[in-house]
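Asker: Handing over final00.tsv, TSV, C-alpha atoms.
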chain	number	residue	atom	x	y	z
A	25	MET	CA	0.00	0.00	0.00
A	26	ALA	CA	2.85	2.37	0.84
A	27	GLY	CA	4.36	1.62	-2.57
A	28	ARG	CA	1.16	2.63	-4.29
A	29	ARG	CA	1.00	5.92	-2.34
A	30	TRP	CA	4.63	6.72	-3.18
A	31	THR	CA	4.09	5.97	-6.86
A	32	GLN	CA	0.95	8.11	-6.89
A	33	MET	CA	2.77	10.98	-5.17
A	34	MET	CA	5.68	10.77	-7.60
A	35	LEU	CA	3.35	10.57	-10.58
A	36	THR	CA	1.27	13.50	-9.37
A	37	ALA	CA	4.39	15.59	-8.77
A	38	SER	CA	5.68	14.67	-12.22
A	39	LEU	CA	2.41	15.53	-13.90
A	40	VAL	CA	2.12	18.84	-12.04
A	41	GLY	CA	5.72	19.64	-13.00
A	42	LEU	CA	5.04	18.84	-16.64
A	43	ALA	CA	1.95	21.03	-16.63
A	44	ALA	CA	3.91	23.87	-15.04
A	45	CYS	CA	6.57	23.64	-17.75
A	46	GLY	CA	4.12	24.61	-20.46
A	47	GLY	CA	1.23	23.39	-22.49
A	48	GLY	CA	-1.26	24.57	-19.88
A	49	GLU	CA	-2.63	21.06	-19.37
A	50	LYS	CA	-3.84	20.08	-15.93
A	51	ALA	CA	-2.88	16.83	-14.28
A	52	PRO	CA	-5.61	14.28	-14.94
A	53	PRO	CA	-7.90	13.23	-12.11
A	54	PRO	CA	-7.41	9.84	-10.50
A	55	ALA	CA	-9.12	6.95	-12.25
A	56	ALA	CA	-11.44	4.56	-10.52
A	57	GLY	CA	-9.75	2.70	-7.68
A	58	GLY	CA	-7.44	5.62	-6.87
A	59	ALA	CA	-4.93	4.87	-9.62
A	60	PRO	CA	-3.79	8.00	-11.47
A	61	ALA	CA	-5.19	8.41	-14.95
A	62	ALA	CA	-2.82	8.52	-17.88
A	63	ALA	CA	-1.50	11.96	-18.72
A	64	ALA	CA	-3.18	13.76	-21.59
A	65	GLY	CA	-1.61	12.48	-24.78
A	66	SER	CA	-0.10	9.51	-22.97
A	67	ASP	CA	-0.83	5.99	-24.03
A	68	LEU	CA	-0.11	4.53	-20.59
A	69	THR	CA	-2.87	2.70	-18.81
A	70	PRO	CA	-3.48	3.08	-15.08
A	71	PHE	CA	-1.91	-0.38	-14.66
A	72	GLN	CA	1.23	0.75	-16.51
A	73	LEU	CA	1.47	3.92	-14.46
A	74	GLU	CA	1.43	1.89	-11.25
A	75	ASN	CA	3.26	-1.26	-12.40
A	76	GLY	CA	5.51	-0.10	-15.20
A	77	ILE	CA	5.79	-0.94	-18.89
A	78	GLY	CA	7.09	-4.29	-19.99
A	79	PRO	CA	6.45	-7.99	-20.06
A	80	ILE	CA	4.89	-8.07	-16.59
A	81	THR	CA	1.26	-7.26	-17.35
A	82	GLU	CA	-0.38	-8.57	-14.20
A	83	ALA	CA	0.16	-7.64	-10.57
A	84	VAL	CA	2.81	-9.67	-8.76
A	85	THR	CA	1.78	-10.70	-5.27
A	86	LEU	CA	4.50	-11.23	-2.70
A	87	GLY	CA	4.04	-13.91	-0.09
A	88	PRO	CA	6.38	-15.11	2.61
A	89	VAL	CA	9.99	-14.95	1.46
A	90	SER	CA	11.27	-18.05	-0.29
A	91	GLN	CA	14.83	-18.24	1.02
A	92	ALA	CA	15.99	-20.28	-1.99
A	93	GLN	CA	14.54	-17.67	-4.40
A	94	ALA	CA	15.96	-14.80	-2.32
A	95	ASP	CA	19.42	-16.42	-2.28
A	96	ALA	CA	19.29	-16.87	-6.07
A	97	GLY	CA	18.14	-13.25	-6.39
A	98	GLN	CA	20.98	-12.03	-4.19
A	99	ALA	CA	23.47	-13.81	-6.45
A	100	VAL	CA	21.92	-12.17	-9.53
A	101	PHE	CA	21.84	-8.79	-7.75
A	102	GLU	CA	25.52	-9.05	-6.77
A	103	ALA	CA	26.53	-10.10	-10.29
A	104	LYS	CA	24.41	-7.67	-12.32
A	105	CYS	CA	23.26	-4.77	-10.12
A	106	THR	CA	25.91	-3.78	-7.57
A	107	ALA	CA	28.06	-1.92	-10.10
A	108	CYS	CA	25.39	0.80	-10.00
A	109	HIS	CA	23.14	0.11	-6.99
A	110	LYS	CA	23.75	-0.16	-3.28
A	111	LEU	CA	21.06	-1.11	-0.80
A	112	GLY	CA	21.55	1.68	1.72
A	113	GLU	CA	22.96	4.61	-0.19
A	114	ARG	CA	22.78	6.58	-3.40
A	115	TYR	CA	25.33	5.41	-5.92
A	116	VAL	CA	25.19	5.57	-9.71
A	117	GLY	CA	21.53	4.60	-9.33
A	118	PRO	CA	19.09	4.94	-6.45
A	119	PRO	CA	19.42	2.86	-3.29
A	120	LEU	CA	17.35	-0.30	-3.56
A	121	GLY	CA	17.03	-1.34	0.07
A	122	GLY	CA	13.33	-1.32	0.92
A	123	ILE	CA	12.41	-0.32	-2.65
A	124	LEU	CA	9.34	-2.55	-2.55
A	125	ASP	CA	7.89	-0.15	0.02
A	126	LYS	CA	7.91	2.46	-2.77
A	127	VAL	CA	7.09	0.55	-5.96
A	128	THR	CA	5.11	-2.55	-6.77
A	129	PRO	CA	6.92	-5.81	-7.45
A	130	ALA	CA	5.65	-5.67	-11.06
A	131	PHE	CA	7.10	-2.14	-11.43
A	132	ALA	CA	10.49	-3.36	-10.17
A	133	MET	CA	10.42	-6.33	-12.54
A	134	ASN	CA	9.43	-4.18	-15.53
A	135	MET	CA	12.24	-1.75	-14.69
A	136	ILE	CA	14.70	-4.66	-14.63
A	137	LEU	CA	13.37	-6.26	-17.80
A	138	ASN	CA	12.49	-3.21	-19.90
A	139	PRO	CA	14.55	-0.21	-18.73
A	140	GLN	CA	14.78	1.56	-22.10
A	141	GLU	CA	11.03	1.79	-22.63
A	142	MET	CA	10.53	2.72	-18.98
A	143	TYR	CA	12.95	5.67	-19.39
A	144	THR	CA	11.30	6.69	-22.64
A	145	ARG	CA	7.66	6.50	-21.61
A	146	HIS	CA	7.11	6.31	-17.83
A	147	PRO	CA	6.89	9.70	-16.05
A	148	VAL	CA	8.32	8.51	-12.72
A	149	VAL	CA	11.30	6.86	-14.41
A	150	LYS	CA	11.88	9.94	-16.57
A	151	LYS	CA	12.11	11.93	-13.34
A	152	LEU	CA	14.64	9.44	-11.95
A	153	LEU	CA	16.72	9.88	-15.10
A	154	GLY	CA	16.72	13.63	-14.48
A	155	GLU	CA	17.93	13.06	-10.93
A	156	TYR	CA	20.54	10.36	-11.55
A	157	MET	CA	21.54	11.31	-15.12
A	158	THR	CA	22.31	7.69	-16.02
A	159	GLN	CA	20.05	5.15	-17.69
A	160	MET	CA	19.95	1.65	-16.36
A	161	PRO	CA	21.19	-0.77	-19.01
A	162	ASN	CA	19.25	-3.87	-19.89
A	163	GLN	CA	21.13	-6.67	-18.14
A	164	GLY	CA	19.39	-9.39	-20.15
A	165	LEU	CA	17.75	-11.03	-17.17
A	166	THR	CA	14.95	-13.53	-17.63
A	167	GLN	CA	11.58	-13.02	-15.98
A	168	GLU	CA	12.53	-15.76	-13.51
A	169	GLU	CA	15.77	-13.96	-12.60
A	170	ALA	CA	13.93	-10.64	-12.23
A	171	ARG	CA	11.43	-12.34	-9.91
A	172	GLN	CA	14.33	-13.76	-7.89
A	173	VAL	CA	15.84	-10.27	-7.56
A	174	VAL	CA	12.46	-8.98	-6.35
A	175	GLU	CA	12.35	-11.83	-3.82
A	176	TYR	CA	15.78	-10.75	-2.59
A	177	LEU	CA	14.76	-7.08	-2.47
A	178	GLN	CA	11.81	-8.13	-0.32
A	179	THR	CA	14.38	-9.06	2.37
A	180	THR	CA	16.12	-5.65	2.36
A	181	THR	CA	15.46	-2.62	4.51
A	182	PRO	CA	15.23	1.04	3.51
A	183	PRO	CA	18.36	3.16	3.81
A	184	ALA	CA	18.81	5.16	6.99
A	185	PRO	CA	17.63	8.79	6.73
A	186	ALA	CA	20.33	11.31	5.82
A	187	GLN	CA	21.85	12.99	8.86
What is this structure when it is put down as structure tokens?
Answerer:
Amino acid sequence: MAGRRWTQMMLTASLVGLAACGGGEKAPPPAAGGAPAAAAGSDLTPFQLENGIGPITEAVTLGPVSQAQADAGQAVFEAKCTACHKLGERYVGPPLGGILDKVTPAFAMNMILNPQEMYTRHPVVKKLLGEYMTQMPNQGLTQEEARQVVEYLQTTTPPAPAQ
């Protein structure tokens, strides 16, 4: 639930910022169920706004952590992700500890599996690009590997607040 609120806040801020930059368009009202509506001229569905753009087209429900899946995900994370991501601090990319408190598991998987289209079309990810100035490369993970990484991320904690 917290992930949905964060995504909605980020999307709303992005849409308000885009409207303020010109065009005079107002941010669209939320769609049924509280999900933000697609921006005017956007082809993104409410599902895509909340869960990202890519091969994951249905919500991913997390259950109790599968230690075997989390261990496999940690191995993938250490091999493919740690050059740019740390769990508890900003690095080349954003810190990923506790990220599933901010985004849905499907969003995380779509970001892993389809980063180029996410940077091109998703307003929240476009904002991240503006902040971090580096696009995440496609690491060529399978859906199974992406799900394992999400299982591992489920075991992580958010970074400590900046002092």
Asker: Can you work out which one of A:Tyr115, A:Ile80, A:Asp95, A:Pro88 has the shortest atom-to-atom distance to Tyr156 in chain A, counting only C-alpha atoms?
Answerer: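 That would be A:Tyr115, the residue with the smallest distance to Tyr156 in chain A.
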Asker: Counting only C-alpha atoms, which residue out of A:Leu152, A:Ala99, A:Thr166, A:Asn75 sits closest to Pro119 in chain A?
Answerer: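 Of all the options, A:Leu152 lies closest to Pro119 in chain A.
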Asker: Considering only C-alpha atoms, return as a list of chain:residue names whatever protein or nucleic-acid residues lie within 10 Å of Thr106 in chain A, sequence-local ones (same chain, fewer than 5 positions apart) excluded.
Answerer: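 Here the answer would be A:Val100, A:Phe101, A:Leu111, A:Tyr115, A:Val116, A:Gly117.
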Asker: Now that the selection is made, can you save its residues with C-alpha atoms as an mmCIF file, keeping the file's coordinate frame?
Answerer:
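part-v7.cif written:
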data_model
loop_
_atom_site.group_PDB
_atom_site.id
_atom_site.type_symbol
_atom_site.label_atom_id
_atom_site.label_comp_id
_atom_site.auth_asym_id
_atom_site.auth_seq_id
_atom_site.Cartn_x
_atom_site.Cartn_y
_atom_site.Cartn_z
ATOM 1 C CA VAL A 100 21.920 -12.170 -9.530
ATOM 2 C CA PHE A 101 21.840 -8.790 -7.750
ATOM 3 C CA LEU A 111 21.060 -1.110 -0.800
ATOM 4 C CA TYR A 115 25.330 5.410 -5.920
ATOM 5 C CA VAL A 116 25.190 5.570 -9.710
ATOM 6 C CA GLY A 117 21.530 4.600 -9.330
#
Asker: Can you tell me, as AutoDock Vina command-line options, the centre and edge lengths (Å, one decimal) of the axis-aligned box enclosing all of range 84-99 of chain A's listed atoms after padding each side by 5 Å?
Answerer:
--center_x 12.6 --center_y -15.0 --center_z -3.1 --size_x 31.7 --size_y 20.6 --size_z 21.4
Asker: Using all atoms listed in the file, which protein or nucleic acid residues come within 9 Å of Met160 in chain A? Drop anything in the same chain fewer than 5 positions from it, and give the result as a list of chain:residue names.
Answerer: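 Final neighbour list, sorted by chain and number: A:Cys108, A:Gly117, A:Met135, A:Ile136, A:Pro139, A:Gln140, A:Tyr143, A:Leu153.
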Asker: What does the distance between CA of Pro79 in chain A and CA of Ala130 in chain A come to in Å, to one decimal place?
Answerer: 9.3 Å
Asker: Identify, on the basis of all atoms listed in the file, every residue whose closest approach to range 174-177 of chain A does not exceed 9 Å; exclude the query and any residue fewer than 6 positions from it along the same chain; express the result as a PyMOL selection string.
Answerer: chain A and resi 86+89-91+93-98+101+111+120-124+129-130+132-133
Asker: Can those selected residues be exported to a file as a JSON list (two decimals), in the coordinates of the input so that it contains C-alpha atoms?
Answerer:
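Result file result.json:
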[["chain", "number", "residue", "atom", "x", "y", "z"],
["A", 86, "LEU", "CA", 4.50, -11.23, -2.70],
["A", 89, "VAL", "CA", 9.99, -14.95, 1.46],
["A", 90, "SER", "CA", 11.27, -18.05, -0.29],
["A", 91, "GLN", "CA", 14.83, -18.24, 1.02],
["A", 93, "GLN", "CA", 14.54, -17.67, -4.40],
["A", 94, "ALA", "CA", 15.96, -14.80, -2.32],
["A", 95, "ASP", "CA", 19.42, -16.42, -2.28],
["A", 96, "ALA", "CA", 19.29, -16.87, -6.07],
["A", 97, "GLY", "CA", 18.14, -13.25, -6.39],
["A", 98, "GLN", "CA", 20.98, -12.03, -4.19],
["A", 101, "PHE", "CA", 21.84, -8.79, -7.75],
["A", 111, "LEU", "CA", 21.06, -1.11, -0.80],
["A", 120, "LEU", "CA", 17.35, -0.30, -3.56],
["A", 121, "GLY", "CA", 17.03, -1.34, 0.07],
["A", 122, "GLY", "CA", 13.33, -1.32, 0.92],
["A", 123, "ILE", "CA", 12.41, -0.32, -2.65],
["A", 124, "LEU", "CA", 9.34, -2.55, -2.55],
["A", 129, "PRO", "CA", 6.92, -5.81, -7.45],
["A", 130, "ALA", "CA", 5.65, -5.67, -11.06],
["A", 132, "ALA", "CA", 10.49, -3.36, -10.17],
["A", 133, "MET", "CA", 10.42, -6.33, -12.54]]
